[in-house]
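*Asks:* Starting off with a structure, shown below.
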Amino acid sequence: MNLLELGLELVPAERKQIISRLMQFYLYDFTRYLDLDVDRDGAYPAYPGLEAYWNSGHNKYAYLITCDNHPAGFALVDRLLRSSEGQFYMTEFFVMPKYRRSGVGTWAAHLLFDMFPGDWKVSQIRANSPARSFWHRVIGEYTNGAFEEKFNSRQGNPSQYFSTLNAGKVKK
């Protein structure tokens with residue numbers, strides 16, 4: 001098997017359109033779980049709050065995941081301020097289908113956990129069982145199974161809570 005050249009880069013404001021474009025594929029994926037429609041021009045609505053990742057200071061981070069120098073997905077990470085939920089939140093995480101089950105998502109998630117040491121929260125839509133399975137495996141590997149899962153009382157969506165401070169480091 002060929003080794004993939006993986007990359008994770010913070011997206012500057014002048015390149016933010018790459019996240020907006022990849023977001024269209026992400027939203028398409030979500031049509032399995034949410035009632036989303038395209039507009040008259042064939043586009044999904046803009047992701048609410050995406051602009052904040054470039055103009056809200058230092059609490060929101062948009063990362064591009066690349067594979068062999070091609071866009072392979074993205075991650076949106078929020079630093080939570082004064083939250084009982086933790087210090088960091090994996091707000092959105094997307095790997096294009098072509099790169100799924102290749103280790104790209106696991107590598108990117110583990111690297112992000114290393115980059116932002118502290119208490120994390122990762123959530124999924126309850127019906128999205130593939131995402132839930134992915135996060136159980138990825139977080140379980142990273143923490144040696146030391147995470148807690150709670151369900152939102154209103155929507156019933158699961159979230160995993162864990163600390164990266166006692167976890168092992170990614171093999172770089």
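How things are named: the first chain in the structure tokens is A, the next is B, and so on; residues count from 1 in each chain; ligands count from 1 in the order shown.
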Determine which residues of chain A DSSP labels as alpha helix (DSSP H) from the backbone of this structure, then write them out as a PyMOL selection string.
*Replies:* chain A and resi 17-30+52-55+104-115+129-143
*Asks:* Which neighbours of Leu22 of chain A fall inside 9 Å, counting only C-alpha atoms, when residues of the same chain fewer than 5 positions from it are skipped, and could you give them as a list in words?
*Replies:* Gln17, Leu27, Pro71, Ala72, Gly73, Phe74, Phe94 and Met96 of chain A
*Asks:* Which segment 82-135 of chain A residues have any atom within 9 Å of an atom of segment 56-65 of chain A, and for each, what is the nearest pair of atoms with distance in Å to one decimal, counting only C-alpha atoms, rows sorted by chain and number, as CSV?
*Replies:*
residue,atom,partner,partner_atom,distance
A:Phe94,CA,A:Ile65,CA,8.9
A:Val95,CA,A:Ile65,CA,7.9
A:Val104,CA,A:Ile65,CA,8.2
A:Gly105,CA,A:Ile65,CA,8.5
A:Ala108,CA,A:Ile65,CA,7.0
*Asks:* Can you pull out every residue within 9 Å of Ala46 of chain A, counting only C-alpha atoms, but drop anything in the same chain fewer than 5 positions away, and send it as an MDAnalysis selection string?
*Replies:* chainID A and resid 20 23:24
*Asks:* Report as number ranges by chain all protein, DNA and RNA residues lying within 12 Å of Ala146 of chain A, evaluated on only C-alpha atoms, omitting residues in the same chain fewer than 6 positions from it.
*Replies:* A: 119, 136-140, 160-168
*Asks:* Suppose you want the space between atom CA of Asp35 of chain A and atom CA of Asn128 of chain A; what is it in Å?
*Replies:* 13.5 Å
*Asks:* Counting only C-alpha atoms, what is within 12 Å of Phe151 of chain A, bar same-chain residues fewer than 6 positions away, as a ChimeraX atom specification?
*Replies:* /A:121-126,157-161
*Asks:* Residues of the last selection are to be written out with all heavy atoms, as a compact mmCIF listing (two decimals), in the first residue's frame.
*Replies:*
# COMPACT_ATOMS: atom_id res chain seq x y z
N LYS A 121 -14.97 18.10 23.97
CA LYS A 121 -16.33 17.60 23.73
C LYS A 121 -16.45 17.36 22.23
O LYS A 121 -16.05 18.21 21.42
CB LYS A 121 -17.37 18.63 24.17
CG LYS A 121 -18.79 18.25 23.83
CD LYS A 121 -19.77 19.37 24.19
CE LYS A 121 -21.19 19.01 23.79
NZ LYS A 121 -22.13 20.12 24.07
N VAL A 122 -16.99 16.20 21.85
CA VAL A 122 -17.26 15.87 20.46
C VAL A 122 -18.70 15.37 20.42
O VAL A 122 -19.08 14.53 21.25
CB VAL A 122 -16.31 14.76 19.94
CG1 VAL A 122 -16.64 14.38 18.51
CG2 VAL A 122 -14.85 15.21 20.05
N SER A 123 -19.53 15.89 19.50
CA SER A 123 -20.95 15.51 19.44
C SER A 123 -21.33 15.00 18.06
O SER A 123 -20.68 15.34 17.07
CB SER A 123 -21.84 16.72 19.76
OG SER A 123 -21.56 17.23 21.03
N GLN A 124 -22.39 14.21 18.03
CA GLN A 124 -22.95 13.74 16.77
C GLN A 124 -24.47 13.86 16.81
O GLN A 124 -25.05 13.94 17.88
CB GLN A 124 -22.61 12.26 16.51
CG GLN A 124 -21.15 11.91 16.53
CD GLN A 124 -20.66 11.63 17.94
OE1 GLN A 124 -21.29 10.89 18.68
NE2 GLN A 124 -19.54 12.23 18.32
N ILE A 125 -25.07 13.85 15.63
CA ILE A 125 -26.52 13.70 15.55
C ILE A 125 -26.82 12.24 15.86
O ILE A 125 -26.15 11.34 15.34
CB ILE A 125 -27.02 14.09 14.13
CG1 ILE A 125 -26.85 15.59 13.93
CG2 ILE A 125 -28.45 13.66 13.92
CD1 ILE A 125 -27.21 16.07 12.55
N ARG A 126 -27.80 12.01 16.71
CA ARG A 126 -28.08 10.66 17.19
C ARG A 126 -28.24 9.64 16.05
O ARG A 126 -27.73 8.52 16.13
CB ARG A 126 -29.33 10.66 18.07
CG ARG A 126 -29.57 9.33 18.71
CD ARG A 126 -30.79 9.32 19.63
NE ARG A 126 -30.70 8.13 20.48
CZ ARG A 126 -30.77 8.15 21.78
NH1 ARG A 126 -30.93 9.27 22.43
NH2 ARG A 126 -30.69 7.04 22.46
N ASN A 157 -28.94 13.88 21.31
CA ASN A 157 -27.69 13.66 20.59
C ASN A 157 -26.57 13.29 21.56
O ASN A 157 -26.45 13.87 22.63
CB ASN A 157 -27.30 14.92 19.80
CG ASN A 157 -28.27 15.21 18.69
OD1 ASN A 157 -28.89 14.30 18.14
ND2 ASN A 157 -28.41 16.48 18.34
N PRO A 158 -25.73 12.31 21.16
CA PRO A 158 -24.63 11.91 22.04
C PRO A 158 -23.43 12.84 21.92
O PRO A 158 -23.16 13.39 20.85
CB PRO A 158 -24.27 10.51 21.51
CG PRO A 158 -24.66 10.54 20.08
CD PRO A 158 -25.85 11.47 19.98
N SER A 159 -22.73 13.01 23.03
CA SER A 159 -21.45 13.74 23.07
C SER A 159 -20.48 12.93 23.89
O SER A 159 -20.85 12.32 24.89
CB SER A 159 -21.61 15.12 23.71
OG SER A 159 -22.45 15.94 22.95
N GLN A 160 -19.22 12.93 23.45
CA GLN A 160 -18.17 12.28 24.19
C GLN A 160 -17.31 13.35 24.85
O GLN A 160 -17.01 14.38 24.23
CB GLN A 160 -17.28 11.41 23.27
CG GLN A 160 -18.03 10.24 22.63
CD GLN A 160 -18.88 10.66 21.44
OE1 GLN A 160 -18.47 11.49 20.64
NE2 GLN A 160 -20.07 10.10 21.35
N TYR A 161 -16.94 13.11 26.09
CA TYR A 161 -16.13 14.04 26.89
C TYR A 161 -14.87 13.32 27.32
O TYR A 161 -14.93 12.17 27.79
CB TYR A 161 -16.90 14.50 28.12
CG TYR A 161 -18.17 15.26 27.80
CD1 TYR A 161 -19.36 14.59 27.53
CD2 TYR A 161 -18.17 16.65 27.75
CE1 TYR A 161 -20.51 15.29 27.21
CE2 TYR A 161 -19.31 17.36 27.44
CZ TYR A 161 -20.49 16.67 27.17
OH TYR A 161 -21.62 17.36 26.87
*Asks:* Mind listing the strand (DSSP E) residues of segment 10-130 of chain A, per DSSP on the backbone, as a PyMOL selection string?
*Replies:* chain A and resi 10+60-67+70-79+88-95+119-123
*Asks:* Which value, in Å to one decimal, gives the distance between atom CA of Ser129 of chain A and atom CA of Tyr99 of chain A?
*Replies:*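 Atom-to-atom, atom CA of Ser129 of chain A to atom CA of Tyr99 of chain A, that is 18.5 Å.
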*Asks:* Quick one: residues within 8 Å of Glu92 of chain A, only C-alpha atoms, excluding same-chain residues fewer than 6 positions away - as number ranges by chain?
*Replies:* A: 74-77
*Asks:* Export N, CA, C and O atoms of the chosen residues as a PDB file, in the first residue's frame?
*Replies:*
ATOM      1  N   PHE A  74     -12.192  18.744   6.382  1.00  0.00           N
ATOM      2  CA  PHE A  74     -11.945  19.906   7.233  1.00  0.00           C
ATOM      3  C   PHE A  74     -12.364  19.608   8.655  1.00  0.00           C
ATOM      4  O   PHE A  74     -13.090  18.645   8.923  1.00  0.00           O
ATOM      5  N   ALA A  75     -11.895  20.449   9.550  1.00  0.00           N
ATOM      6  CA  ALA A  75     -12.298  20.389  10.958  1.00  0.00           C
ATOM      7  C   ALA A  75     -12.500  21.812  11.443  1.00  0.00           C
ATOM      8  O   ALA A  75     -11.687  22.687  11.151  1.00  0.00           O
ATOM      9  N   LEU A  76     -13.578  22.029  12.161  1.00  0.00           N
ATOM     10  CA  LEU A  76     -13.833  23.308  12.830  1.00  0.00           C
ATOM     11  C   LEU A  76     -13.738  23.047  14.330  1.00  0.00           C
ATOM     12  O   LEU A  76     -14.465  22.207  14.866  1.00  0.00           O
ATOM     13  N   VAL A  77     -12.814  23.740  14.979  1.00  0.00           N
ATOM     14  CA  VAL A  77     -12.575  23.562  16.410  1.00  0.00           C
ATOM     15  C   VAL A  77     -12.863  24.882  17.110  1.00  0.00           C
ATOM     16  O   VAL A  77     -12.398  25.938  16.673  1.00  0.00           O
TER      17      VAL A  77
END
*Asks:* Using only C-alpha atoms, can you tell me which of A:Pro48, A:Gly103, A:Gly42, A:Gly86 comes closest to Glu5 of chain A?
*Replies:*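 Closest residue, counting only C-alpha atoms: A:Gly103.
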*Asks:* Which one is closest to Ser83 of chain A: A:Phe30, A:Trp107, A:Trp120, A:Tyr53? Count only C-alpha atoms.
*Replies:*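 The answer is A:Trp120, which sits nearest to Ser83 of chain A.
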*Asks:* Smallest atom-to-atom distance to Ala109 of chain A: which of A:Asn55, A:Leu80, A:Glu141, A:Tyr28, using only C-alpha atoms?
*Replies:*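 Closest residue, counting only C-alpha atoms: A:Glu141.
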*Asks:* Report, in Å with one decimal, the straight-line distance from atom CA of Leu111 of chain A to atom CA of Asn144 of chain A.
*Replies:*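 Those two atoms sit 15.8 Å apart.
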